[in-house]
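Chemist: Enclosed is the structure file target30.csv (CSV, C-alpha atoms).
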```
chain,number,residue,atom,x,y,z
A,1,MET,CA,63.3,124.7,163.4
A,2,GLU,CA,62.5,121.2,162.2
A,3,THR,CA,66.2,120.5,161.4
A,4,ILE,CA,67.2,121.6,164.9
A,5,ARG,CA,64.6,119.2,166.4
A,6,HIS,CA,65.8,116.4,164.2
A,7,VAL,CA,69.4,116.8,165.3
A,8,ALA,CA,68.4,117.1,169.0
A,9,LEU,CA,66.2,114.0,168.7
A,10,GLY,CA,69.0,112.0,167.1
A,11,CYS,CA,71.5,112.9,169.9
A,12,CYS,CA,68.9,111.9,172.5
A,13,VAL,CA,68.1,108.6,170.9
A,14,ILE,CA,71.8,107.7,170.4
A,15,SER,CA,72.6,108.5,174.0
A,16,THR,CA,69.6,106.7,175.4
A,17,VAL,CA,70.1,103.4,173.5
A,18,ALA,CA,73.8,103.4,174.3
A,19,GLY,CA,73.1,103.9,178.0
A,20,MET,CA,70.4,101.2,178.1
A,21,ILE,CA,72.6,98.6,176.4
A,22,ARG,CA,75.4,99.4,178.8
A,23,VAL,CA,73.1,99.1,181.9
A,24,PHE,CA,71.4,95.9,181.0
A,25,TRP,CA,74.4,94.0,179.6
A,26,PRO,CA,76.1,91.9,182.2
A,27,ASP,CA,79.7,92.4,183.2
A,28,ASN,CA,81.8,89.6,181.7
A,29,GLY,CA,84.7,89.1,179.5
A,30,PHE,CA,82.9,90.5,176.5
A,31,ALA,CA,83.1,94.1,177.8
A,32,PRO,CA,85.7,95.3,175.1
A,33,VAL,CA,83.5,93.8,172.4
A,34,ILE,CA,80.4,95.5,173.8
A,35,ASN,CA,82.3,98.8,173.9
A,36,ALA,CA,83.4,98.4,170.3
A,37,VAL,CA,79.8,97.6,169.2
A,38,LEU,CA,78.5,100.6,171.1
A,39,ALA,CA,81.1,102.9,169.6
A,40,LEU,CA,80.2,101.5,166.1
A,41,TYR,CA,76.5,102.0,166.8
A,42,ILE,CA,77.0,105.6,167.9
A,43,ILE,CA,79.2,106.4,164.9
A,44,THR,CA,76.7,104.8,162.5
A,45,ALA,CA,73.7,106.6,164.1
A,46,ALA,CA,75.6,110.0,164.1
A,47,LEU,CA,76.6,109.6,160.5
A,48,GLN,CA,73.0,108.8,159.6
A,49,MET,CA,71.8,111.8,161.5
A,50,ILE,CA,74.4,114.0,159.8
A,51,ARG,CA,73.5,112.7,156.4
A,52,GLY,CA,69.8,113.2,156.9
A,53,THR,CA,70.2,116.8,158.1
A,54,ASP,CA,69.3,119.6,155.8
A,55,TRP,CA,72.3,121.8,156.5
A,56,LYS,CA,71.2,124.7,154.3
A,57,MET,CA,67.9,124.9,156.3
A,58,LEU,CA,69.8,124.5,159.6
A,59,SER,CA,72.1,127.5,158.8
A,60,THR,CA,69.2,129.6,157.6
A,61,GLU,CA,67.3,128.8,160.8
A,62,MET,CA,70.2,129.6,163.0
A,63,TYR,CA,70.8,132.9,161.2
A,64,ARG,CA,67.1,133.8,161.6
A,65,LEU,CA,67.3,133.0,165.4
A,66,ALA,CA,70.4,135.1,165.8
A,67,VAL,CA,68.8,138.1,164.0
A,68,THR,CA,65.5,137.9,166.0
A,69,GLU,CA,67.5,137.7,169.2
A,70,GLN,CA,69.1,141.1,168.6
A,71,THR,CA,65.8,143.0,168.5
A,72,PRO,CA,64.7,142.4,172.1
A,73,ALA,CA,68.1,143.8,173.3
A,74,ASP,CA,67.3,147.1,171.6
A,75,SER,CA,64.0,147.4,173.6
A,76,TYR,CA,66.0,147.0,176.9
A,77,GLU,CA,68.0,150.1,176.1
A,78,ALA,CA,65.1,152.4,176.6
A,79,TYR,CA,64.2,150.5,179.7
A,80,GLY,CA,67.7,150.9,181.1
A,81,LYS,CA,67.7,154.6,180.3
A,82,GLN,CA,64.3,155.0,182.1
A,83,LEU,CA,65.7,153.2,185.2
A,84,GLY,CA,68.7,155.4,185.3
A,85,MET,CA,66.6,158.5,185.1
A,86,GLU,CA,64.3,157.3,187.9
A,87,SER,CA,67.4,156.5,190.1
A,88,SER,CA,68.7,160.0,189.4
A,89,VAL,CA,65.4,161.6,190.4
A,90,GLU,CA,65.4,159.6,193.6
A,91,ALA,CA,68.9,160.8,194.3
A,92,VAL,CA,67.9,164.4,193.8
A,93,ARG,CA,65.0,163.9,196.1
A,94,THR,CA,67.4,162.5,198.8
A,95,ILE,CA,69.9,165.3,198.4
A,96,LEU,CA,67.2,168.0,198.7
A,97,ALA,CA,65.8,166.2,201.8
A,98,GLN,CA,69.3,166.0,203.4
A,99,ALA,CA,69.7,169.7,202.8
A,100,GLY,CA,66.5,170.4,204.6
A,101,ILE,CA,64.6,171.5,201.5
A,102,ASP,CA,61.0,170.4,201.3
A,103,ALA,CA,60.2,169.7,197.6
A,104,ALA,CA,58.2,167.4,195.4
A,105,VAL,CA,60.5,165.8,192.8
A,106,GLN,CA,59.2,164.0,189.8
A,107,LEU,CA,60.3,162.8,186.4
A,108,GLN,CA,58.3,164.2,183.5
A,109,GLY,CA,59.6,163.1,180.1
A,110,ASP,CA,63.4,163.4,180.3
A,111,THR,CA,63.3,166.3,182.8
A,112,CYS,CA,63.4,166.3,186.6
A,113,ARG,CA,60.8,168.7,187.8
A,114,ILE,CA,61.2,170.1,191.3
A,115,THR,CA,58.3,171.9,193.0
A,116,LEU,CA,59.5,173.7,196.2
A,117,LEU,CA,57.3,174.0,199.2
A,118,HIS,CA,59.0,177.2,200.5
A,119,ALA,CA,59.9,180.1,198.2
A,120,GLY,CA,62.9,181.0,200.3
A,121,ASP,CA,64.6,177.7,199.4
A,122,ARG,CA,64.9,178.5,195.7
A,123,THR,CA,68.4,179.9,195.6
A,124,ARG,CA,69.7,177.2,197.9
A,125,ALA,CA,68.0,174.5,195.8
A,126,GLU,CA,69.4,176.0,192.6
A,127,SER,CA,73.0,175.9,193.9
A,128,ILE,CA,72.6,172.3,195.2
A,129,LEU,CA,71.1,171.1,191.9
A,130,ALA,CA,73.8,172.9,189.9
A,131,ALA,CA,76.4,171.1,191.9
A,132,SER,CA,74.9,167.6,192.0
A,133,CYS,CA,72.7,167.0,188.9
A,134,GLY,CA,75.5,166.7,186.3
A,135,THR,CA,73.9,166.0,182.9
A,136,LEU,CA,70.4,165.4,184.3
A,137,PRO,CA,68.1,168.1,182.9
A,138,TYR,CA,66.1,169.7,185.7
A,139,GLU,CA,63.6,172.5,186.2
A,140,ILE,CA,62.4,174.2,189.3
A,141,VAL,CA,58.7,174.6,188.5
A,142,ALA,CA,57.4,176.8,191.4
A,143,GLY,CA,58.8,178.6,194.3
A,144,GLY,CA,56.1,177.6,196.7
A,145,GLU,CA,53.5,179.5,198.6
A,146,ALA,CA,54.4,178.5,202.2
A,147,PRO,CA,56.4,181.0,204.3
```
Just give me the structure as structure tokens.

Modeler:
Amino acid sequence: METIRHVALGCCVISTVAGMIRVFWPDNGFAPVINAVLALYIITAALQMIRGTDWKMLSTEMYRLAVTEQTPADSYEAYGKQLGMESSVEAVRTILAQAGIDAAVQLQGDTCRITLLHAGDRTRAESILAASCGTLPYEIVAGGEAP
């Protein structure tokens, strides 16, 4: 990390000094000479920065950063799966409501659990769920006690 900071600081200093010289130097016939001196200064400072850089440490640091950046992406995979499951459960809840079936729909683990309010809706709910759930695992937990 120290090497990356060294390179970044070198670039900032080079740019700042070159800009300050260009701003404060008056416009006159020496502009081509000033441009040449600025270019020479920038080249010299860049070469000094390159020479002072520990390239082995820089490559090791960059590789370490690349490896550590891959691990958080794996943790998002489970989060994405959970969001997909929750969206699927919400869709099941909507489909059952549109069909006029009163039910409590919830996600437990990886299974969508449906608790029917009326026992007479069980066969209709089973046919709707078979047609619309696809690969989503579901289970009708109870048939309900209401008439």

Chemist: At what distance in Å, to one decimal, does atom CA of A:Cys133 lie from atom CA of A:Gly84?

Modeler: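 Those two atoms sit 12.8 Å apart.
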
Chemist: Looking at A:Ile14, A:Ala91, A:Leu9, A:Met20, which one is nearest to A:Thr53, with distances taken over all atoms listed in the file?

Modeler: A:Leu9

Chemist: Excluding stretch 86-89 of chain A and residues on its chain fewer than 3 positions from it, collect all residues at most 7 Å away from it, counting all atoms listed in the file, and give them as a list in words.

Modeler: Gln82, Leu83, Val92, Arg93, Val105, Gln106, Leu107 and Cys112 of chain A

Chemist: Selected residues, C-alpha atoms, written as a PDB file, in the coordinates of the input, please.

Modeler:
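Wrote it out as out.pdb, contents follow:
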```pdb
ATOM      1  CA  GLN A  82      64.300 155.000 182.100  1.00  0.00           C
ATOM      2  CA  LEU A  83      65.700 153.200 185.200  1.00  0.00           C
ATOM      3  CA  VAL A  92      67.900 164.400 193.800  1.00  0.00           C
ATOM      4  CA  ARG A  93      65.000 163.900 196.100  1.00  0.00           C
ATOM      5  CA  VAL A 105      60.500 165.800 192.800  1.00  0.00           C
ATOM      6  CA  GLN A 106      59.200 164.000 189.800  1.00  0.00           C
ATOM      7  CA  LEU A 107      60.300 162.800 186.400  1.00  0.00           C
ATOM      8  CA  CYS A 112      63.400 166.300 186.600  1.00  0.00           C
TER       9      CYS A 112
END
```

Chemist: Distance atom CA of A:Arg124-atom CA of A:Gly100, one decimal place?

Modeler: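 Atom CA of A:Gly100 lies at a distance of 10.1 Å from atom CA of A:Arg124.
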
Chemist: Step by step: start from the point (69.5, 170.8, 202.4) in the file's coordinates, keep every protein, DNA or RNA residue that has an atom no farther than 9 Å from it, count only C-alpha atoms, and write the set as a VMD selection string.

Modeler: chain A and resid 95 to 102 121 124 to 125 128

Chemist: Which residue, A:Asn35, A:Ser59, A:Ser15, A:Thr94, has the smallest gap to A:Ser132 when you use only C-alpha atoms?

Modeler: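 Going through A:Asn35, A:Ser59, A:Ser15, A:Thr94 one by one, the smallest distance to A:Ser132 is for A:Thr94.
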
Chemist: Given all atoms listed in the file as the basis, pick out the residue of A:Val7, A:Leu136, A:Ala142, A:Leu58 nearest to A:Lys81.

Modeler: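 Ranking A:Val7, A:Leu136, A:Ala142, A:Leu58 by distance to A:Lys81, first place goes to A:Leu136.
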
Chemist: Could you jot down the atom CA of A:Lys56 to atom CA of A:Ala8 separation for me, Å, one decimal place?

Modeler: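 Interatomic distance here is 16.8 Å.
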
Chemist: Which residue gives the smallest distance to A:Ile114 among A:Pro32, A:Gly80, A:Gly19, A:Pro137, with all atoms listed in the file counted?

Modeler: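 Answer, going by the shortest atom-to-atom distance: A:Pro137.
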
Chemist: Between A:Arg5, A:Gly120, A:Phe24, A:Ala18, single out the one closest to A:Met49, counting all atoms listed in the file.

Modeler: A:Arg5

Chemist: Quick one: of A:Val23, A:Gly109, A:Ala104, A:Gly10, who's nearest to A:Ile43, counting all atoms listed in the file?

Modeler: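 Smallest separation from A:Ile43 among the options: A:Gly10.
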